[in-house]
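Visitor: This is the structure I have questions about; it appears just below.
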Amino acid sequence: MSRSEKVSFAGSTGEMLAGIIDVPEGPVKGWGVFSHGFTLGKDSPSAARMCKALADSGIGMLRFDNVGLGGSAGEWSAGSFSHKVADTVKAAEFMRSEGKEISLLVGHSFGGAAVLAAAREIPELDAVATVGAPFSPKHVAHVFDAALDRILSEGSAEVDLGGKRVEIRRHFVEDLENADLTDCIRQLHKPLMVLHSPTDNTVGIENASTIFQTARHPRNFVSLEGSDHLLTGKGQAARAARIIAAWADQYLNAGNGS
């Protein structure tokens, strides 16, 4: 069984971000960073279960709360997709400073889009995996679509996201509009694995097709048959993690940082 270590590091805005490193019990095959979904946080079932399962497979993983979520300082509403990308790079820099240079980036949902954008800023990276990721970051806007006019006209609006009231500001929407992953994916120059459920009702399977078609080889696609978007069903997150671990094995820097 893996063990979990609490850490913190400065994000791109200077706020302290709270993280957990899931450390393998035995030999370390490599290290990675996990980027969580929209407002899910590092302790969400998908993040915690995937990272623990990856650690059980020998890959140590850092998962962290984005600004204003969970144990991280700052206001979530002050952040943006660009901040999420920059903080993913900061997480990799933190791991590097700890003697744990990362080989793997894993992103779930909105975090999948973030790792595709962050990958080019992490030179030591060997492989990237996305789970239920949108091809376009602005796909996430559908969850606050009803409030969009008010956000743009008044500068912000409070919306209900899965029972959680969050403020969405105009700069967040504008940042999403400007985010285009096409070049990031095409110029990734890293092995990519795209995992997606064909019955994902939140981010449709066509997103995976577009990411895959835009990417260059080596690229892989795995259908997470029977999984929901949040991977909350029994064994769904761990299964995705085992698939990623088996695929990434050939790319990891053996014993890196162990």
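Naming works like this for the structure tokens: A, B, ... for the chains as they're shown, residue 1 at the start of each chain, ligands 1 onward in shown order.
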Excluding Thr199 in chain A and its own-chain neighbours fewer than 3 positions away, which residues fall within 10 Å of it when counting only C-alpha atoms? Please give them as a VMD selection string.

Guide: chain A and resid 196 202 to 205 223 to 229

Visitor: Could those selected residues go to a file with C-alpha atoms, as an mmCIF file, in the first residue's frame?

Guide:
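Result file follows (again.cif):
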```
data_model
loop_
_atom_site.group_PDB
_atom_site.id
_atom_site.type_symbol
_atom_site.label_atom_id
_atom_site.label_comp_id
_atom_site.auth_asym_id
_atom_site.auth_seq_id
_atom_site.Cartn_x
_atom_site.Cartn_y
_atom_site.Cartn_z
ATOM 1 C CA HIS A 196 -12.771 8.311 -22.140
ATOM 2 C CA THR A 202 -20.753 15.467 -19.138
ATOM 3 C CA VAL A 203 -17.931 15.548 -21.703
ATOM 4 C CA GLY A 204 -18.975 13.639 -24.811
ATOM 5 C CA ILE A 205 -16.813 10.927 -26.370
ATOM 6 C CA SER A 223 -12.479 3.273 -23.963
ATOM 7 C CA LEU A 224 -13.496 3.270 -20.292
ATOM 8 C CA GLU A 225 -16.550 1.130 -20.969
ATOM 9 C CA GLY A 226 -19.232 1.504 -18.303
ATOM 10 C CA SER A 227 -17.593 4.402 -16.446
ATOM 11 C CA ASP A 228 -19.290 7.690 -15.591
ATOM 12 C CA HIS A 229 -17.591 11.063 -16.033
#
```

Visitor: Could you build a table of the residues in range 66-114 of chain A lying no more than 9 Å from range 166-189 of chain A, giving for each the nearest pair of atoms and their separation in Å rounded to one decimal place, using only C-alpha atoms, ordered by chain and ascending residue number, as CSV?

Guide:
```
residue,atom,partner,partner_atom,distance
A:Trp76,CA,A:Glu167,CA,8.0
A:Ser77,CA,A:Glu167,CA,5.6
A:Ala78,CA,A:Arg169,CA,7.6
A:Gly79,CA,A:Phe172,CA,7.0
A:Ser80,CA,A:Phe172,CA,5.0
A:Phe81,CA,A:Leu176,CA,6.4
A:Ser82,CA,A:Asp175,CA,7.0
A:Ala113,CA,A:Leu181,CA,7.5
```

Visitor: Just list the residues in range 35-236 of chain A DSSP gives strand (DSSP E) on the backbone, as a JSON list (two decimals) with all heavy atoms, in the first residue's frame.

Guide:
```
[["chain", "number", "residue", "atom", "x", "y", "z"],
["A", 35, "SER", "N", -3.82, 16.57, -12.29],
["A", 35, "SER", "CA", -4.63, 17.80, -12.31],
["A", 35, "SER", "C", -6.11, 17.43, -12.24],
["A", 35, "SER", "O", -6.62, 16.71, -13.10],
["A", 35, "SER", "CB", -4.33, 18.60, -13.58],
["A", 35, "SER", "OG", -5.09, 19.79, -13.61],
["A", 59, "ILE", "N", 4.16, 4.38, -9.29],
["A", 59, "ILE", "CA", 4.31, 5.75, -9.78],
["A", 59, "ILE", "C", 3.84, 6.71, -8.69],
["A", 59, "ILE", "O", 2.65, 6.79, -8.38],
["A", 59, "ILE", "CB", 3.51, 6.00, -11.07],
["A", 59, "ILE", "CG1", 3.89, 4.97, -12.14],
["A", 59, "ILE", "CG2", 3.76, 7.42, -11.58],
["A", 59, "ILE", "CD1", 2.99, 5.00, -13.37],
["A", 60, "GLY", "N", 4.78, 7.46, -8.09],
["A", 60, "GLY", "CA", 4.43, 8.44, -7.06],
["A", 60, "GLY", "C", 3.74, 9.63, -7.70],
["A", 60, "GLY", "O", 4.20, 10.14, -8.72],
["A", 61, "MET", "N", 2.64, 10.09, -7.10],
["A", 61, "MET", "CA", 1.85, 11.16, -7.70],
["A", 61, "MET", "C", 1.60, 12.32, -6.73],
["A", 61, "MET", "O", 1.25, 12.12, -5.57],
["A", 61, "MET", "CB", 0.48, 10.61, -8.13],
["A", 61, "MET", "CG", 0.52, 9.58, -9.25],
["A", 61, "MET", "SD", 1.11, 10.23, -10.85],
["A", 61, "MET", "CE", -0.19, 11.42, -11.24],
["A", 62, "LEU", "N", 1.79, 13.53, -7.24],
["A", 62, "LEU", "CA", 1.38, 14.74, -6.52],
["A", 62, "LEU", "C", 0.02, 15.16, -7.04],
["A", 62, "LEU", "O", -0.15, 15.39, -8.24],
["A", 62, "LEU", "CB", 2.39, 15.87, -6.73],
["A", 62, "LEU", "CG", 1.93, 17.27, -6.31],
["A", 62, "LEU", "CD1", 1.65, 17.37, -4.82],
["A", 62, "LEU", "CD2", 2.95, 18.34, -6.73],
["A", 63, "ARG", "N", -0.97, 15.26, -6.15],
["A", 63, "ARG", "CA", -2.27, 15.86, -6.48],
["A", 63, "ARG", "C", -2.43, 17.09, -5.59],
["A", 63, "ARG", "O", -2.01, 17.08, -4.44],
["A", 63, "ARG", "CB", -3.41, 14.87, -6.26],
["A", 63, "ARG", "CG", -3.42, 14.17, -4.92],
["A", 63, "ARG", "CD", -4.46, 13.04, -4.84],
["A", 63, "ARG", "NE", -4.16, 12.10, -3.79],
["A", 63, "ARG", "CZ", -4.81, 12.01, -2.63],
["A", 63, "ARG", "NH1", -5.80, 12.85, -2.36],
["A", 63, "ARG", "NH2", -4.47, 11.12, -1.74],
["A", 64, "PHE", "N", -2.99, 18.15, -6.14],
["A", 64, "PHE", "CA", -3.06, 19.39, -5.37],
["A", 64, "PHE", "C", -4.37, 20.13, -5.64],
["A", 64, "PHE", "O", -4.99, 19.94, -6.68],
["A", 64, "PHE", "CB", -1.86, 20.29, -5.68],
["A", 64, "PHE", "CG", -1.82, 20.81, -7.10],
["A", 64, "PHE", "CD1", -2.27, 22.09, -7.40],
["A", 64, "PHE", "CD2", -1.34, 20.01, -8.13],
["A", 64, "PHE", "CE1", -2.24, 22.57, -8.71],
["A", 64, "PHE", "CE2", -1.30, 20.48, -9.45],
["A", 64, "PHE", "CZ", -1.76, 21.76, -9.73],
["A", 102, "ILE", "N", 9.33, 14.83, -12.53],
["A", 102, "ILE", "CA", 8.18, 14.05, -12.99],
["A", 102, "ILE", "C", 8.37, 13.51, -14.41],
["A", 102, "ILE", "O", 9.00, 14.14, -15.26],
["A", 102, "ILE", "CB", 6.86, 14.83, -12.88],
["A", 102, "ILE", "CG1", 6.76, 15.95, -13.92],
["A", 102, "ILE", "CG2", 6.66, 15.38, -11.47],
["A", 102, "ILE", "CD1", 5.34, 16.44, -14.14],
["A", 103, "SER", "N", 7.83, 12.32, -14.61],
["A", 103, "SER", "CA", 7.81, 11.69, -15.93],
["A", 103, "SER", "C", 6.42, 11.71, -16.54],
["A", 103, "SER", "O", 6.27, 11.60, -17.75],
["A", 103, "SER", "CB", 8.25, 10.22, -15.81],
["A", 103, "SER", "OG", 9.53, 10.11, -15.26],
["A", 104, "LEU", "N", 5.39, 11.86, -15.68],
["A", 104, "LEU", "CA", 4.01, 11.65, -16.12],
["A", 104, "LEU", "C", 3.09, 12.78, -15.67],
["A", 104, "LEU", "O", 3.17, 13.23, -14.53],
["A", 104, "LEU", "CB", 3.52, 10.32, -15.53],
["A", 104, "LEU", "CG", 2.07, 9.90, -15.81],
["A", 104, "LEU", "CD1", 1.86, 9.58, -17.29],
["A", 104, "LEU", "CD2", 1.70, 8.67, -14.96],
["A", 105, "LEU", "N", 2.24, 13.24, -16.57],
["A", 105, "LEU", "CA", 1.15, 14.16, -16.24],
["A", 105, "LEU", "C", -0.16, 13.43, -16.49],
["A", 105, "LEU", "O", -0.34, 12.82, -17.55],
["A", 105, "LEU", "CB", 1.18, 15.40, -17.15],
["A", 105, "LEU", "CG", 1.98, 16.64, -16.76],
["A", 105, "LEU", "CD1", 1.74, 17.74, -17.79],
["A", 105, "LEU", "CD2", 1.64, 17.14, -15.37],
["A", 106, "VAL", "N", -1.06, 13.49, -15.51],
["A", 106, "VAL", "CA", -2.39, 12.89, -15.66],
["A", 106, "VAL", "C", -3.42, 13.96, -15.33],
["A", 106, "VAL", "O", -3.32, 14.64, -14.30],
["A", 106, "VAL", "CB", -2.58, 11.68, -14.72],
["A", 106, "VAL", "CG1", -3.98, 11.08, -14.91],
["A", 106, "VAL", "CG2", -1.51, 10.63, -14.94],
["A", 107, "GLY", "N", -4.41, 14.14, -16.20],
["A", 107, "GLY", "CA", -5.44, 15.13, -15.95],
["A", 107, "GLY", "C", -6.82, 14.55, -16.17],
["A", 107, "GLY", "O", -7.05, 13.83, -17.15],
["A", 108, "HIS", "N", -7.73, 14.87, -15.24],
["A", 108, "HIS", "CA", -9.11, 14.39, -15.34],
["A", 108, "HIS", "C", -10.03, 15.55, -15.70],
["A", 108, "HIS", "O", -9.94, 16.62, -15.10],
["A", 108, "HIS", "CB", -9.53, 13.78, -13.99],
["A", 108, "HIS", "CG", -10.98, 13.42, -13.92],
["A", 108, "HIS", "ND1", -11.81, 13.86, -12.90],
["A", 108, "HIS", "CD2", -11.77, 12.68, -14.74],
["A", 108, "HIS", "CE1", -13.04, 13.39, -13.11],
["A", 108, "HIS", "NE2", -13.04, 12.68, -14.21],
["A", 127, "ALA", "N", 5.50, 11.49, -20.60],
["A", 127, "ALA", "CA", 4.22, 10.99, -21.10],
["A", 127, "ALA", "C", 3.06, 11.76, -20.48],
["A", 127, "ALA", "O", 3.17, 12.30, -19.38],
["A", 127, "ALA", "CB", 4.08, 9.50, -20.79],
["A", 128, "VAL", "N", 1.93, 11.80, -21.23],
["A", 128, "VAL", "CA", 0.75, 12.54, -20.79],
["A", 128, "VAL", "C", -0.48, 11.64, -20.96],
["A", 128, "VAL", "O", -0.63, 10.96, -21.98],
["A", 128, "VAL", "CB", 0.54, 13.83, -21.63],
["A", 128, "VAL", "CG1", -0.71, 14.58, -21.18],
["A", 128, "VAL", "CG2", 1.78, 14.73, -21.56],
["A", 129, "ALA", "N", -1.36, 11.65, -19.94],
["A", 129, "ALA", "CA", -2.61, 10.90, -20.03],
["A", 129, "ALA", "C", -3.78, 11.79, -19.64],
["A", 129, "ALA", "O", -3.69, 12.54, -18.66],
["A", 129, "ALA", "CB", -2.57, 9.67, -19.11],
["A", 130, "THR", "N", -4.86, 11.72, -20.41],
["A", 130, "THR", "CA", -6.07, 12.47, -20.09],
["A", 130, "THR", "C", -7.22, 11.50, -19.86],
["A", 130, "THR", "O", -7.31, 10.46, -20.51],
["A", 130, "THR", "CB", -6.45, 13.46, -21.20],
["A", 130, "THR", "OG1", -6.80, 12.72, -22.39],
["A", 130, "THR", "CG2", -5.31, 14.41, -21.52],
["A", 131, "VAL", "N", -8.11, 11.86, -18.94],
["A", 131, "VAL", "CA", -9.27, 11.04, -18.62],
["A", 131, "VAL", "C", -10.52, 11.91, -18.69],
["A", 131, "VAL", "O", -10.66, 12.88, -17.93],
["A", 131, "VAL", "CB", -9.15, 10.42, -17.20],
["A", 131, "VAL", "CG1", -10.33, 9.48, -16.94],
["A", 131, "VAL", "CG2", -7.83, 9.68, -17.03],
["A", 156, "SER", "N", -19.68, 39.36, -12.95],
["A", 156, "SER", "CA", -19.62, 38.09, -12.24],
["A", 156, "SER", "C", -21.03, 37.62, -11.89],
["A", 156, "SER", "O", -21.98, 38.40, -11.93],
["A", 156, "SER", "CB", -18.78, 38.20, -10.96],
["A", 156, "SER", "OG", -19.48, 38.89, -9.95],
["A", 157, "ALA", "N", -21.14, 36.32, -11.53],
["A", 157, "ALA", "CA", -22.41, 35.77, -11.07],
["A", 157, "ALA", "C", -22.12, 34.53, -10.25],
["A", 157, "ALA", "O", -21.11, 33.85, -10.48],
["A", 157, "ALA", "CB", -23.32, 35.43, -12.24],
["A", 158, "GLU", "N", -22.98, 34.27, -9.29],
["A", 158, "GLU", "CA", -22.85, 33.04, -8.51],
["A", 158, "GLU", "C", -23.64, 31.94, -9.21],
["A", 158, "GLU", "O", -24.77, 32.15, -9.66],
["A", 158, "GLU", "CB", -23.41, 33.23, -7.08],
["A", 158, "GLU", "CG", -22.37, 33.70, -6.10],
["A", 158, "GLU", "CD", -22.69, 33.25, -4.67],
["A", 158, "GLU", "OE1", -23.77, 32.70, -4.43],
["A", 158, "GLU", "OE2", -21.82, 33.45, -3.81],
["A", 159, "VAL", "N", -23.02, 30.77, -9.34],
["A", 159, "VAL", "CA", -23.70, 29.64, -9.97],
["A", 159, "VAL", "C", -23.61, 28.43, -9.06],
["A", 159, "VAL", "O", -22.73, 28.33, -8.20],
["A", 159, "VAL", "CB", -23.11, 29.32, -11.37],
["A", 159, "VAL", "CG1", -23.29, 30.49, -12.31],
["A", 159, "VAL", "CG2", -21.65, 28.94, -11.27],
["A", 160, "ASP", "N", -24.52, 27.51, -9.27],
["A", 160, "ASP", "CA", -24.56, 26.28, -8.48],
["A", 160, "ASP", "C", -23.87, 25.18, -9.27],
["A", 160, "ASP", "O", -24.32, 24.81, -10.35],
["A", 160, "ASP", "CB", -26.03, 25.90, -8.19],
["A", 160, "ASP", "CG", -26.12, 24.77, -7.18],
["A", 160, "ASP", "OD1", -25.49, 23.73, -7.41],
["A", 160, "ASP", "OD2", -26.83, 24.92, -6.17],
["A", 161, "LEU", "N", -22.77, 24.69, -8.76],
["A", 161, "LEU", "CA", -22.05, 23.60, -9.42],
["A", 161, "LEU", "C", -22.10, 22.37, -8.52],
["A", 161, "LEU", "O", -21.36, 22.27, -7.55],
["A", 161, "LEU", "CB", -20.59, 23.98, -9.69],
["A", 161, "LEU", "CG", -20.35, 25.17, -10.62],
["A", 161, "LEU", "CD1", -18.87, 25.41, -10.79],
["A", 161, "LEU", "CD2", -21.00, 24.92, -11.98],
["A", 164, "LYS", "N", -22.57, 23.16, -4.97],
["A", 164, "LYS", "CA", -21.58, 24.11, -4.44],
["A", 164, "LYS", "C", -21.78, 25.47, -5.12],
["A", 164, "LYS", "O", -21.81, 25.55, -6.35],
["A", 164, "LYS", "CB", -20.17, 23.57, -4.74],
["A", 164, "LYS", "CG", -19.03, 24.32, -4.06],
["A", 164, "LYS", "CD", -17.67, 23.84, -4.58],
["A", 164, "LYS", "CE", -17.38, 22.39, -4.26],
["A", 164, "LYS", "NZ", -16.02, 22.00, -4.70],
["A", 165, "ARG", "N", -21.96, 26.54, -4.33],
["A", 165, "ARG", "CA", -22.12, 27.88, -4.90],
["A", 165, "ARG", "C", -20.75, 28.48, -5.18],
["A", 165, "ARG", "O", -19.92, 28.60, -4.28],
["A", 165, "ARG", "CB", -22.88, 28.80, -3.92],
["A", 165, "ARG", "CG", -24.27, 28.35, -3.57],
["A", 165, "ARG", "CD", -25.24, 28.45, -4.72],
["A", 165, "ARG", "NE", -25.49, 29.82, -5.17],
["A", 165, "ARG", "CZ", -26.22, 30.13, -6.25],
["A", 165, "ARG", "NH1", -26.72, 29.17, -7.00],
["A", 165, "ARG", "NH2", -26.41, 31.38, -6.59],
["A", 166, "VAL", "N", -20.50, 28.80, -6.42],
["A", 166, "VAL", "CA", -19.20, 29.41, -6.75],
["A", 166, "VAL", "C", -19.43, 30.66, -7.61],
["A", 166, "VAL", "O", -20.42, 30.76, -8.34],
["A", 166, "VAL", "CB", -18.26, 28.44, -7.51],
["A", 166, "VAL", "CG1", -17.91, 27.24, -6.66],
["A", 166, "VAL", "CG2", -18.85, 28.01, -8.84],
["A", 167, "GLU", "N", -18.51, 31.60, -7.46],
["A", 167, "GLU", "CA", -18.58, 32.83, -8.26],
["A", 167, "GLU", "C", -17.75, 32.64, -9.53],
["A", 167, "GLU", "O", -16.62, 32.20, -9.49],
["A", 167, "GLU", "CB", -18.01, 34.01, -7.45],
["A", 167, "GLU", "CG", -18.09, 35.33, -8.18],
["A", 167, "GLU", "CD", -17.31, 36.44, -7.51],
["A", 167, "GLU", "OE1", -16.62, 36.17, -6.50],
["A", 167, "GLU", "OE2", -17.36, 37.59, -8.00],
["A", 168, "ILE", "N", -18.37, 32.96, -10.66],
["A", 168, "ILE", "CA", -17.67, 32.93, -11.94],
["A", 168, "ILE", "C", -17.53, 34.37, -12.40],
["A", 168, "ILE", "O", -18.51, 35.11, -12.47],
["A", 168, "ILE", "CB", -18.45, 32.13, -13.01],
["A", 168, "ILE", "CG1", -18.80, 30.74, -12.51],
["A", 168, "ILE", "CG2", -17.65, 32.08, -14.31],
["A", 168, "ILE", "CD1", -17.71, 29.71, -12.59],
["A", 169, "ARG", "N", -16.30, 34.77, -12.70],
["A", 169, "ARG", "CA", -16.05, 36.15, -13.12],
["A", 169, "ARG", "C", -15.83, 36.25, -14.63],
["A", 169, "ARG", "O", -15.48, 35.27, -15.28],
["A", 169, "ARG", "CB", -14.83, 36.72, -12.37],
["A", 169, "ARG", "CG", -15.03, 36.79, -10.86],
["A", 169, "ARG", "CD", -13.83, 37.42, -10.17],
["A", 169, "ARG", "NE", -13.92, 37.33, -8.72],
["A", 169, "ARG", "CZ", -12.95, 37.70, -7.90],
["A", 169, "ARG", "NH1", -11.82, 38.21, -8.38],
["A", 169, "ARG", "NH2", -13.11, 37.58, -6.58],
["A", 192, "LEU", "N", 1.00, 10.13, -25.79],
["A", 192, "LEU", "CA", -0.27, 10.56, -25.22],
["A", 192, "LEU", "C", -1.24, 9.39, -25.13],
["A", 192, "LEU", "O", -1.39, 8.63, -26.10],
["A", 192, "LEU", "CB", -0.89, 11.67, -26.10],
["A", 192, "LEU", "CG", -2.32, 12.11, -25.75],
["A", 192, "LEU", "CD1", -2.38, 12.81, -24.40],
["A", 192, "LEU", "CD2", -2.88, 13.03, -26.85],
["A", 193, "MET", "N", -1.88, 9.25, -23.97],
["A", 193, "MET", "CA", -2.97, 8.30, -23.84],
["A", 193, "MET", "C", -4.25, 9.06, -23.52],
["A", 193, "MET", "O", -4.29, 9.86, -22.58],
["A", 193, "MET", "CB", -2.71, 7.27, -22.76],
["A", 193, "MET", "CG", -3.93, 6.38, -22.50],
["A", 193, "MET", "SD", -3.60, 4.95, -21.46],
["A", 193, "MET", "CE", -3.16, 3.76, -22.72],
["A", 194, "VAL", "N", -5.29, 8.80, -24.31],
["A", 194, "VAL", "CA", -6.59, 9.44, -24.13],
["A", 194, "VAL", "C", -7.56, 8.37, -23.63],
["A", 194, "VAL", "O", -7.81, 7.38, -24.33],
["A", 194, "VAL", "CB", -7.10, 10.02, -25.47],
["A", 194, "VAL", "CG1", -8.47, 10.67, -25.29],
["A", 194, "VAL", "CG2", -6.10, 11.03, -26.03],
["A", 195, "LEU", "N", -8.07, 8.54, -22.41],
["A", 195, "LEU", "CA", -9.06, 7.61, -21.85],
["A", 195, "LEU", "C", -10.39, 8.33, -21.73],
["A", 195, "LEU", "O", -10.45, 9.48, -21.27],
["A", 195, "LEU", "CB", -8.62, 7.10, -20.47],
["A", 195, "LEU", "CG", -7.30, 6.34, -20.39],
["A", 195, "LEU", "CD1", -6.16, 7.28, -20.01],
["A", 195, "LEU", "CD2", -7.38, 5.20, -19.37],
["A", 196, "HIS", "N", -11.46, 7.66, -22.14],
["A", 196, "HIS", "CA", -12.77, 8.31, -22.14],
["A", 196, "HIS", "C", -13.86, 7.25, -22.14],
["A", 196, "HIS", "O", -13.71, 6.20, -22.77],
["A", 196, "HIS", "CB", -12.93, 9.19, -23.39],
["A", 196, "HIS", "CG", -13.73, 10.43, -23.17],
["A", 196, "HIS", "ND1", -13.16, 11.70, -23.17],
["A", 196, "HIS", "CD2", -15.05, 10.63, -22.92],
["A", 196, "HIS", "CE1", -14.11, 12.61, -22.96],
["A", 196, "HIS", "NE2", -15.28, 11.97, -22.80],
["A", 219, "ARG", "N", 0.39, 7.73, -29.90],
["A", 219, "ARG", "CA", -0.86, 8.11, -29.25],
["A", 219, "ARG", "C", -1.70, 6.85, -29.06],
["A", 219, "ARG", "O", -1.63, 5.92, -29.85],
["A", 219, "ARG", "CB", -1.63, 9.13, -30.08],
["A", 219, "ARG", "CG", -1.92, 8.62, -31.48],
["A", 219, "ARG", "CD", -2.57, 9.63, -32.40],
["A", 219, "ARG", "NE", -2.76, 9.01, -33.71],
["A", 219, "ARG", "CZ", -3.48, 9.54, -34.69],
["A", 219, "ARG", "NH1", -4.06, 10.70, -34.52],
["A", 219, "ARG", "NH2", -3.62, 8.92, -35.84],
["A", 220, "ASN", "N", -2.47, 6.84, -27.99],
["A", 220, "ASN", "CA", -3.31, 5.69, -27.69],
["A", 220, "ASN", "C", -4.67, 6.16, -27.23],
["A", 220, "ASN", "O", -4.79, 7.22, -26.60],
["A", 220, "ASN", "CB", -2.69, 4.84, -26.56],
["A", 220, "ASN", "CG", -1.43, 4.13, -26.99],
["A", 220, "ASN", "OD1", -1.46, 3.00, -27.39],
["A", 220, "ASN", "ND2", -0.29, 4.83, -26.90],
["A", 221, "PHE", "N", -5.69, 5.36, -27.51],
["A", 221, "PHE", "CA", -7.03, 5.64, -27.00],
["A", 221, "PHE", "C", -7.56, 4.40, -26.30],
["A", 221, "PHE", "O", -7.46, 3.29, -26.84],
["A", 221, "PHE", "CB", -7.99, 6.05, -28.11],
["A", 221, "PHE", "CG", -9.42, 6.14, -27.62],
["A", 221, "PHE", "CD1", -9.83, 7.21, -26.84],
["A", 221, "PHE", "CD2", -10.34, 5.14, -27.90],
["A", 221, "PHE", "CE1", -11.12, 7.28, -26.35],
["A", 221, "PHE", "CE2", -11.64, 5.20, -27.42],
["A", 221, "PHE", "CZ", -12.03, 6.28, -26.65],
["A", 222, "VAL", "N", -8.10, 4.59, -25.11],
["A", 222, "VAL", "CA", -8.73, 3.49, -24.37],
["A", 222, "VAL", "C", -10.14, 3.89, -23.98],
["A", 222, "VAL", "O", -10.36, 4.97, -23.41],
["A", 222, "VAL", "CB", -7.92, 3.11, -23.11],
["A", 222, "VAL", "CG1", -8.69, 2.09, -22.26],
["A", 222, "VAL", "CG2", -6.57, 2.54, -23.49],
["A", 223, "SER", "N", -11.09, 3.04, -24.32],
["A", 223, "SER", "CA", -12.48, 3.27, -23.96],
["A", 223, "SER", "C", -12.74, 2.76, -22.55],
["A", 223, "SER", "O", -12.53, 1.58, -22.27],
["A", 223, "SER", "CB", -13.38, 2.53, -24.96],
["A", 223, "SER", "OG", -14.72, 2.64, -24.58]]
```

Visitor: Extract the full set of helix (DSSP H, G or I) residues from range 47-226 of chain A according to DSSP on the backbone, and format it as an NGL selection string.

Guide: :A and (47-56 or 76-78 or 81-97 or 110-121 or 137-154 or 170-178 or 182-186 or 205-214)

Visitor: Between A:Gly74, A:Gly132, A:Gly26, A:Pro123, single out the one closest to Ser197 in chain A, counting only C-alpha atoms.

Guide: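 Closest to Ser197 in chain A, using only C-alpha atoms: A:Gly132.
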
Visitor: Given only C-alpha atoms as the basis, pick out the residue of A:Glu98, A:Asp249, A:Asp43, A:Glu25 nearest to Gly71 in chain A.

Guide: A:Asp43

Visitor: CA of Leu17 in chain A and CA of Lys84 in chain A are how many Å apart?

Guide: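 Going from CA of Leu17 in chain A over to CA of Lys84 in chain A covers 11.5 Å.
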
Visitor: I need the residue nearest Ile122 in chain A from this list: A:Val33, A:Ala48, A:Ala147, A:Ile20. Use only C-alpha atoms for the distance.

Guide: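 Once distances to Ile122 in chain A are computed over only C-alpha atoms, the minimum belongs to A:Val33.
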
Visitor: Hey, what's within 12 Å of Met16 in chain A if we count only C-alpha atoms and toss same-chain stuff fewer than 4 positions away? As a PyMOL selection string, please?

Guide: chain A and resi 7-12+64-75+87+90-91+94

Visitor: Between CA of Ser2 in chain A and CA of Ala241 in chain A, what is the distance in Å, rounded to a tenth?

Guide: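 CA of Ala241 in chain A lies 13.9 Å from CA of Ser2 in chain A.
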
Visitor: Which one is closest to Lys52 in chain A: A:Pro137, A:Gly32, A:Gly14, A:Pro191? Count only C-alpha atoms.

Guide: A:Gly32
